Amino acid sequence: MNLNWTDIQRKRLVELDADATTLARTFDDADQRNRAFQTWVKERISVHRRHLDALRSGHRRPRLCRLETALVETLVSHGFVQMSTPVLMSKGLLAKMSITADHPLFEQVYWVERDKCLRPMLAPHLYYVMKDLLRLWQKPVRIFEVGPCFRKETEGARHAAEFTMLNLCEFGLPEDERRQRLEFFAALIMDGAGIDRYSLESETSAVYGSTLDVVSDADGLELGSGAMGPHPLDRAWRITDTWVGIGFGLERLLMTADGGTNLSRFGRSISYLDGIRLNI
Ligand code: ATP
Ligand code: MG
């Protein structure tokens, strides 16, 4: 019992969403292993084909889109106004977030032109809009955006170059309510994503100094990062109000709710549809 799957078999097992127990199986000889592989794959493919049929005859929308809709509805019903800002971001706005050449995140940015990039985060555009809304609207002001963000990443299984961020923030609340508000918003999103086992942990962030992360209890995966203000970054926007905000990765929420380990199944894809690999 000391033979593992071959690399090619393992790759296929991961594509077909094998769990850790299946991936860890060992065999006496190659014959036994190859037969086990054939049987497992055959069963799995029939399950996945049924799932694709159910998608077509049922809700007809991938999970990423359904989660986005559900969370948008939840936030709107809690008084948040949805923003829809450009995917292209100017270098100057990143600099206002202190993301300049000497910052770790700077290396991860996809530049489109000399001074435009694919946004690595939503916060700069939300700050930009918020500085005016704070002038125009009575406080507290609650806004959010959900949409694609882009980062060059080196670590694969939990990171994608293109992922979907949901960033919510509330400005102009009493300072002593911030922690409680962060906890409430974290609970709102976790409930919408169907995740009941998570914790809030203090972290050091490259952008915000210290953050309050939402972490999955199952595997310690960071699901979201929360921050509070007033904060030194606010000065660049002439904002002096108290605030809280959290950014979540939707693919990470889906992966955690599903118990899976392969983030690429849950993102925008031409290889997967609703988490199902299409080459089956
Ligand atoms: P990590 O430490 O896991 O790389 P981060 O702290 O760099 O994440 P944040 O800048 O806090 O990420 O972004 C907010 C959220 O966006 C993260 O908590 C995570 O859920 C999600 N996220 C960030 N980068 C990626 C990525 N490359 N792929 C998928 N989701 C991501
Ligand atoms: Mg973080």
# chains A, B, ... in the order shown; residues from 1 in each chain; ligands from 1
$ residues_around --residues "Glu155 of chain A" --least-positions-apart "4" --cutoff "12 Å" --atoms "only C-alpha atoms" --output "short mmCIF file (atom, residue, chain, number, x, y, z; two decimals) with C-alpha atoms, in the first residue's frame"
data_model
loop_
_atom_site.label_atom_id
_atom_site.label_comp_id
_atom_site.auth_asym_id
_atom_site.auth_seq_id
_atom_site.Cartn_x
_atom_site.Cartn_y
_atom_site.Cartn_z
CA GLN A 108 1.17 42.67 -7.89
CA ARG A 151 -3.53 40.82 -8.64
CA HIS A 159 -5.40 33.01 -5.02
CA ALA A 160 -6.56 33.87 -8.51
CA ALA A 161 -5.19 36.57 -10.80
CA LEU A 263 -10.45 28.22 -5.93
#
$ residues_near_ligand --ligand "ligand 1" --cutoff "8 Å" --atoms "only C-alpha atoms and all ligand atoms" --output "PyMOL selection string"
chain A and resi 121+150-153+158-166+205+207+213-214+221-226+246-253+263
$ residues_around --residues "Lys116 of chain A" --least-positions-apart "4" --cutoff "8 Å" --atoms "only C-alpha atoms" --output "VMD selection string"
chain A and resid 88 to 91 111 to 112
$ write_last_selection --atoms "all heavy atoms" --output "short mmCIF file (atom, residue, chain, number, x, y, z; two decimals), in the first residue's frame"
data_model
loop_
_atom_site.label_atom_id
_atom_site.label_comp_id
_atom_site.auth_asym_id
_atom_site.auth_seq_id
_atom_site.Cartn_x
_atom_site.Cartn_y
_atom_site.Cartn_z
N LEU A 88 -10.81 49.99 -14.54
CA LEU A 88 -9.51 50.65 -14.72
C LEU A 88 -9.33 51.68 -13.62
O LEU A 88 -10.24 52.45 -13.33
CB LEU A 88 -9.46 51.33 -16.09
CG LEU A 88 -9.35 50.41 -17.30
CD1 LEU A 88 -9.37 51.24 -18.59
CD2 LEU A 88 -8.08 49.56 -17.25
N MET A 89 -8.13 51.68 -13.03
CA MET A 89 -7.86 52.58 -11.91
C MET A 89 -6.60 53.39 -12.21
O MET A 89 -5.65 52.84 -12.78
CB MET A 89 -7.67 51.74 -10.65
CG MET A 89 -7.49 52.52 -9.37
SD MET A 89 -7.60 51.40 -7.92
CE MET A 89 -9.37 51.28 -7.69
N SER A 90 -6.60 54.64 -11.82
CA SER A 90 -5.42 55.46 -12.11
C SER A 90 -4.35 55.25 -11.05
O SER A 90 -4.64 54.97 -9.88
CB SER A 90 -5.80 56.93 -12.23
OG SER A 90 -5.92 57.47 -10.93
N LYS A 91 -3.10 55.38 -11.51
CA LYS A 91 -1.95 55.21 -10.63
C LYS A 91 -2.02 56.18 -9.44
O LYS A 91 -1.66 55.83 -8.32
CB LYS A 91 -0.68 55.47 -11.45
CG LYS A 91 0.59 55.05 -10.81
CD LYS A 91 1.76 55.30 -11.77
CE LYS A 91 3.04 54.78 -11.19
NZ LYS A 91 4.17 54.95 -12.14
N TRP A 111 -0.47 46.59 -14.95
CA TRP A 111 -0.55 47.92 -15.58
C TRP A 111 -1.10 47.78 -16.99
O TRP A 111 -0.72 46.88 -17.74
CB TRP A 111 0.83 48.59 -15.58
CG TRP A 111 1.26 48.87 -14.18
CD1 TRP A 111 2.14 48.14 -13.43
CD2 TRP A 111 0.76 49.90 -13.32
NE1 TRP A 111 2.23 48.66 -12.15
CE2 TRP A 111 1.40 49.74 -12.06
CE3 TRP A 111 -0.17 50.94 -13.47
CZ2 TRP A 111 1.14 50.59 -10.98
CZ3 TRP A 111 -0.41 51.78 -12.40
CH2 TRP A 111 0.24 51.60 -11.17
N VAL A 112 -1.99 48.68 -17.34
CA VAL A 112 -2.60 48.66 -18.67
C VAL A 112 -1.91 49.71 -19.55
O VAL A 112 -1.59 49.47 -20.69
CB VAL A 112 -4.11 48.98 -18.57
CG1 VAL A 112 -4.74 49.03 -19.95
CG2 VAL A 112 -4.79 47.93 -17.71
#
$ residues_around --residues "Asp196 of chain A" --least-positions-apart "3" --cutoff "9 Å" --atoms "only C-alpha atoms" --output "VMD selection string"
chain A and resid 187 190 to 191 193 216 257
$ write_last_selection --atoms "all heavy atoms" --output "PDB file, in the first residue's frame"
ATOM      1  N   ALA A 187     -21.175  39.119  10.064  1.00  0.00           N
ATOM      2  CA  ALA A 187     -22.209  38.097  10.254  1.00  0.00           C
ATOM      3  C   ALA A 187     -23.216  38.113   9.107  1.00  0.00           C
ATOM      4  O   ALA A 187     -23.667  37.057   8.638  1.00  0.00           O
ATOM      5  CB  ALA A 187     -22.917  38.329  11.591  1.00  0.00           C
ATOM      6  N   MET A 190     -21.478  36.467   6.089  1.00  0.00           N
ATOM      7  CA  MET A 190     -21.272  35.033   6.332  1.00  0.00           C
ATOM      8  C   MET A 190     -22.608  34.294   6.253  1.00  0.00           C
ATOM      9  O   MET A 190     -22.696  33.199   5.701  1.00  0.00           O
ATOM     10  CB  MET A 190     -20.651  34.801   7.721  1.00  0.00           C
ATOM     11  CG  MET A 190     -19.216  35.235   7.839  1.00  0.00           C
ATOM     12  SD  MET A 190     -18.136  34.395   6.664  1.00  0.00           S
ATOM     13  CE  MET A 190     -17.789  35.755   5.605  1.00  0.00           C
ATOM     14  N   ASP A 191     -23.648  34.908   6.783  1.00  0.00           N
ATOM     15  CA  ASP A 191     -24.971  34.292   6.732  1.00  0.00           C
ATOM     16  C   ASP A 191     -25.427  34.170   5.266  1.00  0.00           C
ATOM     17  O   ASP A 191     -25.899  33.117   4.839  1.00  0.00           O
ATOM     18  CB  ASP A 191     -25.956  35.156   7.540  1.00  0.00           C
ATOM     19  CG  ASP A 191     -27.295  34.482   7.662  1.00  0.00           C
ATOM     20  OD1 ASP A 191     -27.303  33.275   7.964  1.00  0.00           O
ATOM     21  OD2 ASP A 191     -28.330  35.144   7.423  1.00  0.00           O
ATOM     22  N   ALA A 193     -23.599  33.908   2.707  1.00  0.00           N
ATOM     23  CA  ALA A 193     -22.767  32.934   1.985  1.00  0.00           C
ATOM     24  C   ALA A 193     -22.965  31.523   2.532  1.00  0.00           C
ATOM     25  O   ALA A 193     -22.420  30.562   1.995  1.00  0.00           O
ATOM     26  CB  ALA A 193     -21.294  33.338   2.097  1.00  0.00           C
ATOM     27  N   SER A 216     -11.983  31.554   8.136  1.00  0.00           N
ATOM     28  CA  SER A 216     -12.740  30.306   8.200  1.00  0.00           C
ATOM     29  C   SER A 216     -12.177  29.402   9.294  1.00  0.00           C
ATOM     30  O   SER A 216     -10.970  29.163   9.350  1.00  0.00           O
ATOM     31  CB  SER A 216     -12.656  29.593   6.853  1.00  0.00           C
ATOM     32  OG  SER A 216     -12.897  28.215   7.014  1.00  0.00           O
ATOM     33  N   ALA A 257     -17.829  27.644   1.732  1.00  0.00           N
ATOM     34  CA  ALA A 257     -19.184  27.112   1.929  1.00  0.00           C
ATOM     35  C   ALA A 257     -19.284  25.701   1.345  1.00  0.00           C
ATOM     36  O   ALA A 257     -19.979  24.844   1.867  1.00  0.00           O
ATOM     37  CB  ALA A 257     -20.205  28.034   1.274  1.00  0.00           C
TER      38      ALA A 257
END
$ select_by_dssp --residues "segment 73-263 of chain A" --states "alpha helix (DSSP H)" --output "PyMOL selection string"
chain A and resi 73-77+91-96+123-136+178-193+250-258
$ closest_residue --among "A:Leu254, A:Ile8, A:Val41, A:Ile99" --to "Ala206 of chain A" --atoms "only C-alpha atoms"
A:Ile99
$ closest_residue --among "A:Glu203, A:Asp241, A:Glu68, A:Asp217" --to "ligand 2" --atoms "only C-alpha atoms and all ligand atoms"
A:Glu203
$ atom_distance --atom1 "atom CA of Thr204 of chain A" --atom2 "atom CA of Ile189 of chain A"
22.2 Å
$ atom_distance --atom1 "atom CA of Arg44 of chain A" --atom2 "atom CA of Gly267 of chain A"
21.0 Å
$ residues_around --residues "Val87 of chain A" --least-positions-apart "3" --cutoff "9 Å" --atoms "only C-alpha atoms" --output "list in words"
Cys117, Leu118, Arg119, Leu122, Gly147, Pro148 and Cys149 of chain A
$ write_last_selection --atoms "N, CA and C atoms" --output "tab-separated table (two decimals), in the first residue's frame"
chain	number	residue	atom	x	y	z
A	117	CYS	N	-4.17	51.02	-14.29
A	117	CYS	CA	-4.04	49.59	-14.01
A	117	CYS	C	-5.41	48.95	-13.89
A	118	LEU	N	-5.43	47.61	-13.87
A	118	LEU	CA	-6.64	46.87	-13.51
A	118	LEU	C	-6.72	46.92	-12.00
A	119	ARG	N	-7.81	47.38	-11.45
A	119	ARG	CA	-7.87	47.64	-10.00
A	119	ARG	C	-7.53	46.39	-9.19
A	122	LEU	N	-11.02	47.64	-4.37
A	122	LEU	CA	-12.10	48.58	-4.65
A	122	LEU	C	-11.96	49.88	-3.85
A	147	GLY	N	-17.26	43.44	-7.57
A	147	GLY	CA	-16.80	43.32	-8.95
A	147	GLY	C	-15.38	42.81	-9.04
A	148	PRO	N	-14.91	42.59	-10.27
A	148	PRO	CA	-13.60	42.00	-10.49
A	148	PRO	C	-12.45	42.87	-9.98
A	149	CYS	N	-11.46	42.21	-9.37
A	149	CYS	CA	-10.19	42.84	-9.00
A	149	CYS	C	-9.08	41.92	-9.49
$ select_by_dssp --residues "segment 86-221 of chain A" --states "strand (DSSP E or B)" --output "PyMOL selection string"
chain A and resi 88-90+111-113+116-118+141-150+162-171+198-205+209-216
$ residues_around --residues "Asn34 of chain A" --least-positions-apart "4" --cutoff "9 Å" --atoms "only C-alpha atoms" --output "list in words"
Trp5, Gln9, Asp29, Ala30, Gln38 and Thr39 of chain A
$ write_last_selection --atoms "C-alpha atoms" --output "mmCIF file, in the first residue's frame"
data_model
loop_
_atom_site.group_PDB
_atom_site.id
_atom_site.type_symbol
_atom_site.label_atom_id
_atom_site.label_comp_id
_atom_site.auth_asym_id
_atom_site.auth_seq_id
_atom_site.Cartn_x
_atom_site.Cartn_y
_atom_site.Cartn_z
ATOM 1 C CA TRP A 5 -1.823 8.581 -7.834
ATOM 2 C CA GLN A 9 -4.283 11.301 -12.385
ATOM 3 C CA ASP A 29 0.229 -1.826 -7.428
ATOM 4 C CA ALA A 30 -0.318 0.224 -10.573
ATOM 5 C CA GLN A 38 -11.166 4.711 -13.878
ATOM 6 C CA THR A 39 -14.025 3.818 -11.533
#
$ closest_residue --among "A:Gln138, A:Leu200, A:His59, A:Asp102" --to "ligand 2" --atoms "only C-alpha atoms and all ligand atoms"
A:Leu200
$ atom_distance --atom1 "atom CA of Leu182 of chain A" --atom2 "atom CA of Pro232 of chain A"
19.2 Å
$ residues_around --residues "Cys169 of chain A" --least-positions-apart "6" --cutoff "9 Å" --atoms "only C-alpha atoms" --output "ChimeraX atom specification"
/A:80,126,141-144,243-247
$ closest_residue --among "A:His125, A:His78, A:Arg49, A:Arg66" --to "Asn167 of chain A" --atoms "only C-alpha atoms"
A:His125
